[in-house]
Amino acid sequence: MNQTANPTRRLTLRIGHNSLMILAQDEGDALTFEPFVVKSGISMAANLREAFKQSDLLLTAPPRVRVLLDNEVLMVPVELFSEQTMETMFRHAYPSREQEAVCFNVLPDLNAVAVFSVNKDLRLVLDDHFRDVRLLTVMQPVWRYMHQRSFTGMRQKLYAYFHEKRLELFAFQQHRFRFCNSYETARVKDAVFFITYVWNQLAMSQDNDELYLMGDIPEEEETLNMLHRFLKKVMVVNPAADFGQHPATAIKGMPYDLQTLLAKGR
């Protein structure tokens, strides 16, 4: 642990498949956002080690860190969750993650538990530099905030979050997930197909129910035009308006999930 650490600083790392972002909050909630240039050909753990040598924010890192991980998630109803069986369930769902450590976040508002994994080498680097490491999925603040919003109005709602060539689709029914899944896609036609397919699966009304888009929408105008061919009520979430001009919404390149975490909590 760095001996020159700033004990009042709150530090957040966002670790994606090919991205590493560092965020510091100092006294008075001043924000410093630093995307780290990830080197291809080496692991994310190795990239994080390099970041600790180069980033001023990490050179003076506090003993605690909050880490948002962009990994596959297995959603388990809280009444079916068991710490003794979660690893078996996760590895059955995601066999490619067999060598990773399995973690979980309880989502009490949604009566669910998000089970996910972290690379063991990456976790070792984190534990070497921090006394207290809190792991979250990148979707946790988005799920929580959109669930709160879902109670406004009488119409059913489907939510679509675009980030890093991935589409996250989810819907709620009272205090539970009605649907939750993710899709790898960078093409507009594929995204529109997945959205309309799930819309039909949920038997939602083309005229009355609502679709909310957020994040890094690919070819936004084209996506909206194609969706409007099938659905009447398609809205794009504006973080600045939604979060009352929170300072995080003015920072270029900050993902919507990180903005939501800062503005609304986890």
# chains A, B, ... in the order shown; residues from 1 in each chain; ligands from 1
>>> residues_around(residues="region 189-201 of chain A", least_positions_apart="6", cutoff="8 Å", atoms="only C-alpha atoms", output="list in words")
Leu158, Ala160, Leu167, Leu169, Tyr183, Thr223, Met226, Leu227 and Phe230 of chain A
>>> closest_atom_pairs(of="region 148-193 of chain A", to="region 138-144 of chain A", cutoff="9 Å", atoms="only C-alpha atoms", output="CSV")
residue,atom,partner,partner_atom,distance
A:Gln148,CA,A:Arg144,CA,6.5
A:Arg149,CA,A:Arg144,CA,8.9
A:Tyr161,CA,A:Val142,CA,8.6
A:Glu168,CA,A:Met139,CA,8.5
A:Phe170,CA,A:Trp143,CA,8.1
>>> write_last_selection(atoms="N, CA and C atoms", output="PDB file, in the first residue's frame")
ATOM      1  N   GLN A 148     -36.168   2.017  -9.756  1.00  0.00           N
ATOM      2  CA  GLN A 148     -36.876   3.114  -9.085  1.00  0.00           C
ATOM      3  C   GLN A 148     -37.731   3.889 -10.080  1.00  0.00           C
ATOM      4  N   ARG A 149     -37.198   4.111 -11.272  1.00  0.00           N
ATOM      5  CA  ARG A 149     -37.944   4.838 -12.298  1.00  0.00           C
ATOM      6  C   ARG A 149     -39.119   4.040 -12.848  1.00  0.00           C
ATOM      7  N   TYR A 161     -29.407  -0.934 -22.381  1.00  0.00           N
ATOM      8  CA  TYR A 161     -28.169  -0.198 -22.082  1.00  0.00           C
ATOM      9  C   TYR A 161     -27.067  -0.684 -23.010  1.00  0.00           C
ATOM     10  N   GLU A 168     -27.387  -4.629 -22.968  1.00  0.00           N
ATOM     11  CA  GLU A 168     -28.017  -5.181 -21.767  1.00  0.00           C
ATOM     12  C   GLU A 168     -29.511  -4.859 -21.841  1.00  0.00           C
ATOM     13  N   PHE A 170     -33.264  -5.392 -19.922  1.00  0.00           N
ATOM     14  CA  PHE A 170     -33.881  -5.813 -18.667  1.00  0.00           C
ATOM     15  C   PHE A 170     -35.229  -5.127 -18.489  1.00  0.00           C
TER      16      PHE A 170
END
>>> select_by_dssp(residues="region 50-245 of chain A", states="alpha helix (DSSP H)", output="NGL selection string")
:A and (50-54 or 56-59 or 86-93 or 120-129 or 140-149 or 188-201 or 220-228 or 239-242)
>>> select_by_dssp(residues="region 62-146 of chain A", states="strand (DSSP E or B)", output="VMD selection string")
chain A and resid 64 to 69 74 to 77 101 to 107 112 to 118 132 to 137
>>> residues_around(residues="Leu23 (chain A)", least_positions_apart="4", cutoff="6 Å", atoms="only C-alpha atoms", output="JSON, numbers by chain")
{"A": [11, 12, 32, 33]}
>>> write_last_selection(atoms="N, CA, C and O atoms", output="mmCIF file, in the first residue's frame")
data_model
loop_
_atom_site.group_PDB
_atom_site.id
_atom_site.type_symbol
_atom_site.label_atom_id
_atom_site.label_comp_id
_atom_site.auth_asym_id
_atom_site.auth_seq_id
_atom_site.Cartn_x
_atom_site.Cartn_y
_atom_site.Cartn_z
ATOM 1 N N LEU A 11 -11.996 6.351 -4.100
ATOM 2 C CA LEU A 11 -11.478 5.868 -5.378
ATOM 3 C C LEU A 11 -12.390 4.804 -5.959
ATOM 4 O O LEU A 11 -12.853 3.901 -5.254
ATOM 5 N N THR A 12 -12.643 4.916 -7.256
ATOM 6 C CA THR A 12 -13.432 3.926 -7.984
ATOM 7 C C THR A 12 -12.669 3.508 -9.235
ATOM 8 O O THR A 12 -12.168 4.362 -9.972
ATOM 9 N N THR A 32 -12.113 13.647 -10.411
ATOM 10 C CA THR A 32 -11.018 13.520 -11.368
ATOM 11 C C THR A 32 -11.176 12.184 -12.066
ATOM 12 O O THR A 32 -11.156 11.129 -11.418
ATOM 13 N N PHE A 33 -11.348 12.224 -13.379
ATOM 14 C CA PHE A 33 -11.612 11.023 -14.172
ATOM 15 C C PHE A 33 -10.430 10.783 -15.098
ATOM 16 O O PHE A 33 -10.016 11.673 -15.837
#
>>> atom_distance(atom1="CA of Ser182 (chain A)", atom2="CA of Phe104 (chain A)")
17.7 Å
>>> residues_around(residues="region 89-102 of chain A", least_positions_apart="5", cutoff="6 Å", atoms="only C-alpha atoms", output="list in words")
Phe116, Ser117, Val118, Asn119 and Lys120 of chain A
